[in-house]
Amino acid sequence: MALSGGGARGFAHAGALQALEEVGLRPDVIAGVSAGSVISAFYAAGVVPSLMPTIFSNVKFKTCCELSVNKGGLFKIDKFETFVDKALRGHKLIEDLPIPTYICATDIDHGVPVAFDSGPIAKCVAASCSIPILFNPIVIDGVSYVDGGVLRNLPAWAIRDKCEQLIGINCSPLVNDSKRMNSIVDIAHRTYRLMAKTNALTDMAMCDLVVETKDIAHYKVFNMKEIERVYQSGYQCAMDSLKRNKWI
């Protein structure tokens, strides 16, 4: 399975994983970008999909981020990294996870996508989630990394050659946006979203089955108030897609 980025919309991945488990499908290998990397790591570590919204129920932006004192970004996400580390049930390294897992980020120094299959889970997940300008880049072995969605928001590329059948879950589908943009911030946000959503098209074409959660496409990246609704969207969209494409 390949799980896209999408901020709080990423809880749709947990719902999709729950649906797949209920029909007897379980991934042999999993890759994730940004929010998808969080869900991938948790799932591979043995966290039950239905419990994932509960784990994050009390998480707020200010509990995971704090103002940065350097110029790499407005905020640093050290607290988020610590939170992920504590929630992983003692798993520390990607290579030790029970399910082979690929955490995908963007190497901003060399301008290439990277898939981590070894190394510290929490730090690699933080790198995959580090939205440029908003968050400081994460430095790993002297290289700076930012959100994997900058170049490839759906990481099918990372595991296509390792799968007979590949399911992609895209919680950031490309849809029209009729909202009026009144500021530079609105334009910047819309531009970033278009970039991430459009670059997923190539990877969607690599998948044997794609599940898209278009009904939550307009939800804001940090809208943690709707995580149960997002979870249910992922569950229902996955079930519908599996039935429509005769996978069950």
# chains A, B, ... in the order shown; residues from 1 in each chain; ligands from 1
>>> select_by_dssp(residues="segment 107-237 of chain A", states="helix (DSSP H, G or I)", output="number ranges by chain")
A: 121-129, 148-150, 156-162, 184-198, 201-206, 214-216, 224-237
>>> residues_around(residues="Ala158 of chain A", least_positions_apart="6", cutoff="9 Å", atoms="only C-alpha atoms", output="VMD selection string")
chain A and resid 2 31 102 104 114 to 115
>>> write_last_selection(atoms="N, CA, C and O atoms", output="mmCIF file, in the first residue's frame")
data_model
loop_
_atom_site.group_PDB
_atom_site.id
_atom_site.type_symbol
_atom_site.label_atom_id
_atom_site.label_comp_id
_atom_site.auth_asym_id
_atom_site.auth_seq_id
_atom_site.Cartn_x
_atom_site.Cartn_y
_atom_site.Cartn_z
ATOM 1 N N ALA A 2 0.395 2.279 -0.688
ATOM 2 C CA ALA A 2 1.066 3.587 -0.719
ATOM 3 C C ALA A 2 0.080 4.620 -0.190
ATOM 4 O O ALA A 2 -1.041 4.736 -0.704
ATOM 5 N N ALA A 31 4.224 2.067 2.168
ATOM 6 C CA ALA A 31 5.004 3.296 2.024
ATOM 7 C C ALA A 31 4.106 4.479 2.324
ATOM 8 O O ALA A 31 2.907 4.454 2.030
ATOM 9 N N TYR A 102 8.448 2.007 4.137
ATOM 10 C CA TYR A 102 9.240 3.037 3.470
ATOM 11 C C TYR A 102 8.658 4.407 3.809
ATOM 12 O O TYR A 102 7.504 4.692 3.512
ATOM 13 N N CYS A 104 8.833 8.243 3.098
ATOM 14 C CA CYS A 104 9.304 9.033 1.952
ATOM 15 C C CYS A 104 9.343 10.525 2.261
ATOM 16 O O CYS A 104 8.401 11.086 2.827
ATOM 17 N N VAL A 114 13.225 10.693 -1.609
ATOM 18 C CA VAL A 114 13.991 9.665 -0.902
ATOM 19 C C VAL A 114 13.029 8.768 -0.142
ATOM 20 O O VAL A 114 12.055 9.249 0.449
ATOM 21 N N ALA A 115 13.303 7.476 -0.132
ATOM 22 C CA ALA A 115 12.503 6.511 0.619
ATOM 23 C C ALA A 115 13.388 5.873 1.682
ATOM 24 O O ALA A 115 14.282 5.087 1.365
#
>>> residues_around(residues="segment 234-240 of chain A", least_positions_apart="3", cutoff="10 Å", atoms="only C-alpha atoms", output="PyMOL selection string")
chain A and resi 9-20+22-23+169-171+209-216+228-231+243-248
>>> residues_around(residues="Cys163 of chain A", least_positions_apart="4", cutoff="9 Å", atoms="only C-alpha atoms", output="PyMOL selection string")
chain A and resi 1+28-29+159
>>> closest_residue(among="A:Ala45, A:Cys207, A:Ile99, A:Leu25", to="Glu164 of chain A", atoms="only C-alpha atoms")
A:Cys207
>>> atom_distance(atom1="atom CA of Gly5 of chain A", atom2="atom CA of Ile103 of chain A")
11.3 Å
>>> residues_around(residues="Ala205 of chain A", least_positions_apart="4", cutoff="12 Å", atoms="only C-alpha atoms", output="tab-separated table (two decimals) with all heavy atoms, in the first residue's frame")
chain	number	residue	atom	x	y	z
A	154	LEU	N	2.31	10.81	-3.45
A	154	LEU	CA	1.81	9.43	-3.32
A	154	LEU	C	2.99	8.50	-3.63
A	154	LEU	O	3.45	8.46	-4.77
A	154	LEU	CB	0.65	9.18	-4.27
A	154	LEU	CG	0.00	7.80	-4.16
A	154	LEU	CD1	-0.73	7.64	-2.83
A	154	LEU	CD2	-0.97	7.56	-5.31
A	155	PRO	N	3.50	7.77	-2.64
A	155	PRO	CA	4.78	7.07	-2.81
A	155	PRO	C	4.71	5.71	-3.49
A	155	PRO	O	5.42	4.77	-3.10
A	155	PRO	CB	5.27	6.93	-1.36
A	155	PRO	CG	4.01	6.78	-0.58
A	155	PRO	CD	3.00	7.68	-1.25
A	156	ALA	N	3.90	5.58	-4.52
A	156	ALA	CA	3.85	4.32	-5.27
A	156	ALA	C	5.22	4.02	-5.87
A	156	ALA	O	5.63	2.85	-5.95
A	156	ALA	CB	2.79	4.41	-6.37
A	157	TRP	N	5.94	5.05	-6.28
A	157	TRP	CA	7.26	4.88	-6.90
A	157	TRP	C	8.22	4.10	-6.01
A	157	TRP	O	9.11	3.38	-6.51
A	157	TRP	CB	7.88	6.25	-7.23
A	157	TRP	CG	8.19	7.06	-6.00
A	157	TRP	CD1	7.34	7.89	-5.33
A	157	TRP	CD2	9.42	7.09	-5.28
A	157	TRP	NE1	7.96	8.46	-4.24
A	157	TRP	CE2	9.24	7.98	-4.18
A	157	TRP	CE3	10.66	6.47	-5.44
A	157	TRP	CZ2	10.26	8.25	-3.26
A	157	TRP	CZ3	11.67	6.74	-4.52
A	157	TRP	CH2	11.47	7.61	-3.45
A	160	ARG	N	6.65	0.09	-6.05
A	160	ARG	CA	6.00	-0.55	-7.19
A	160	ARG	C	6.72	-1.85	-7.57
A	160	ARG	O	6.08	-2.87	-7.88
A	160	ARG	CB	5.97	0.41	-8.37
A	160	ARG	CG	5.42	-0.16	-9.68
A	160	ARG	CD	3.95	-0.52	-9.64
A	160	ARG	NE	3.67	-1.88	-9.17
A	160	ARG	CZ	2.48	-2.45	-9.22
A	160	ARG	NH1	1.43	-1.79	-9.68
A	160	ARG	NH2	2.30	-3.67	-8.78
A	166	LEU	N	-0.69	-3.31	-6.04
A	166	LEU	CA	-0.41	-2.10	-5.26
A	166	LEU	C	-1.68	-1.25	-5.13
A	166	LEU	O	-2.31	-0.90	-6.13
A	166	LEU	CB	0.69	-1.28	-5.94
A	166	LEU	CG	1.06	0.06	-5.29
A	166	LEU	CD1	1.47	-0.11	-3.84
A	166	LEU	CD2	2.16	0.75	-6.09
A	167	ILE	N	-2.04	-0.97	-3.89
A	167	ILE	CA	-3.19	-0.11	-3.61
A	167	ILE	C	-2.68	1.25	-3.16
A	167	ILE	O	-1.87	1.35	-2.25
A	167	ILE	CB	-4.09	-0.71	-2.50
A	167	ILE	CG1	-4.63	-2.07	-2.93
A	167	ILE	CG2	-5.24	0.24	-2.18
A	167	ILE	CD1	-5.42	-2.79	-1.85
A	168	GLY	N	-3.16	2.30	-3.80
A	168	GLY	CA	-2.81	3.66	-3.40
A	168	GLY	C	-4.00	4.33	-2.74
A	168	GLY	O	-5.13	4.24	-3.24
A	170	ASN	N	-5.26	7.95	-1.74
A	170	ASN	CA	-4.98	9.37	-1.95
A	170	ASN	C	-6.01	10.21	-1.19
A	170	ASN	O	-7.15	10.34	-1.61
A	170	ASN	CB	-5.03	9.70	-3.45
A	170	ASN	CG	-4.63	11.13	-3.73
A	170	ASN	OD1	-4.15	11.84	-2.85
A	170	ASN	ND2	-4.82	11.57	-4.96
A	199	ASN	N	1.31	16.32	-8.56
A	199	ASN	CA	2.45	15.41	-8.72
A	199	ASN	C	2.11	13.98	-8.31
A	199	ASN	O	2.92	13.07	-8.51
A	199	ASN	CB	3.70	15.93	-8.00
A	199	ASN	CG	3.63	15.84	-6.48
A	199	ASN	OD1	3.06	14.93	-5.91
A	199	ASN	ND2	4.24	16.81	-5.82
A	200	ALA	N	0.92	13.77	-7.74
A	200	ALA	CA	0.51	12.41	-7.37
A	200	ALA	C	-0.05	11.64	-8.56
A	200	ALA	O	-0.19	10.41	-8.49
A	200	ALA	CB	-0.54	12.47	-6.26
A	201	LEU	N	-0.36	12.33	-9.65
A	201	LEU	CA	-1.02	11.68	-10.78
A	201	LEU	C	-0.18	10.55	-11.39
A	201	LEU	O	-0.70	9.49	-11.74
A	201	LEU	CB	-1.38	12.71	-11.85
A	201	LEU	CG	-2.38	13.80	-11.42
A	201	LEU	CD1	-2.58	14.81	-12.54
A	201	LEU	CD2	-3.71	13.17	-11.00
A	209	LEU	N	-5.02	-0.31	-7.82
A	209	LEU	CA	-6.28	0.20	-7.29
A	209	LEU	C	-5.98	1.50	-6.56
A	209	LEU	O	-5.01	1.57	-5.79
A	209	LEU	CB	-6.92	-0.80	-6.32
A	209	LEU	CG	-8.21	-0.36	-5.63
A	209	LEU	CD1	-9.35	-0.29	-6.66
A	209	LEU	CD2	-8.58	-1.29	-4.50
A	210	VAL	N	-6.78	2.52	-6.84
A	210	VAL	CA	-6.63	3.81	-6.15
A	210	VAL	C	-7.91	4.15	-5.43
A	210	VAL	O	-9.00	4.09	-6.00
A	210	VAL	CB	-6.28	4.94	-7.14
A	210	VAL	CG1	-6.21	6.29	-6.41
A	210	VAL	CG2	-4.94	4.67	-7.83
>>> residues_around(residues="His110 of chain A", least_positions_apart="6", cutoff="12 Å", atoms="only C-alpha atoms", output="PyMOL selection string")
chain A and resi 143-146+151
>>> write_last_selection(atoms="N, CA and C atoms", output="short mmCIF file (atom, residue, chain, number, x, y, z; two decimals), in the first residue's frame")
data_model
loop_
_atom_site.label_atom_id
_atom_site.label_comp_id
_atom_site.auth_asym_id
_atom_site.auth_seq_id
_atom_site.Cartn_x
_atom_site.Cartn_y
_atom_site.Cartn_z
N VAL A 143 22.19 15.82 5.71
CA VAL A 143 21.34 16.19 4.58
C VAL A 143 20.02 16.74 5.11
N SER A 144 19.51 17.80 4.48
CA SER A 144 18.26 18.43 4.92
C SER A 144 17.08 17.84 4.14
N TYR A 145 16.04 17.48 4.90
CA TYR A 145 14.85 16.87 4.30
C TYR A 145 13.60 17.67 4.66
N VAL A 146 12.66 17.71 3.71
CA VAL A 146 11.35 18.34 3.94
C VAL A 146 10.26 17.39 3.47
N LEU A 151 7.69 16.70 -3.93
CA LEU A 151 7.99 16.10 -5.23
C LEU A 151 7.06 14.93 -5.59
#
>>> residues_around(residues="Ala8 of chain A", least_positions_apart="5", cutoff="9 Å", atoms="only C-alpha atoms", output="PyMOL selection string")
chain A and resi 35+219-224+226-227+230
>>> closest_residue(among="A:Lys162, A:Ser172, A:Cys124, A:Ser57", to="Ser40 of chain A", atoms="only C-alpha atoms")
A:Cys124
>>> select_by_dssp(residues="segment 157-216 of chain A", states="strand (DSSP E)", output="compact mmCIF listing (two decimals) with C-alpha atoms, in the first residue's frame")
# COMPACT_ATOMS: atom_id res chain seq x y z
CA ILE A 167 -3.19 -0.11 -3.61
CA GLY A 168 -2.81 3.66 -3.40
CA ILE A 169 -4.82 5.72 -0.91
CA ASN A 170 -4.98 9.37 -1.95
CA LEU A 209 -6.28 0.20 -7.29
CA VAL A 210 -6.63 3.81 -6.15
CA VAL A 211 -8.90 4.95 -3.34
CA GLU A 212 -9.62 8.70 -3.32
>>> atom_distance(atom1="atom CA of Pro113 of chain A", atom2="atom CA of Glu81 of chain A")
20.6 Å
>>> closest_residue(among="A:Gln165, A:Asn58, A:Glu95, A:Ile108", to="Ile140 of chain A", atoms="only C-alpha atoms")
A:Ile108
>>> atom_distance(atom1="atom CA of Val59 of chain A", atom2="atom CA of Gln232 of chain A")
19.1 Å
>>> closest_residue(among="A:Ile138, A:Leu67, A:Ile94, A:Ile184", to="Ile30 of chain A", atoms="only C-alpha atoms")
A:Ile94
>>> closest_atom_pairs(of="segment 63-162 of chain A", to="segment 49-55 of chain A", cutoff="12 Å", atoms="only C-alpha atoms", output="CSV")
residue,atom,partner,partner_atom,distance
A:Phe83,CA,A:Ile55,CA,10.2
A:Val84,CA,A:Ile55,CA,10.3
A:Lys86,CA,A:Ile55,CA,11.1
A:Ala87,CA,A:Ile55,CA,8.1
A:Leu88,CA,A:Ile55,CA,11.0
>>> write_last_selection(atoms="C-alpha atoms", output="CSV table (one decimal), in the first residue's frame")
chain,number,residue,atom,x,y,z
A,83,PHE,CA,5.2,12.2,20.4
A,84,VAL,CA,5.6,9.8,17.5
A,86,LYS,CA,6.5,7.4,22.4
A,87,ALA,CA,3.5,6.1,20.5
A,88,LEU,CA,5.4,3.5,18.5
>>> closest_residue(among="A:Gly6, A:Pro100, A:Gly46, A:Gly73", to="Lys197 of chain A", atoms="only C-alpha atoms")
A:Gly6
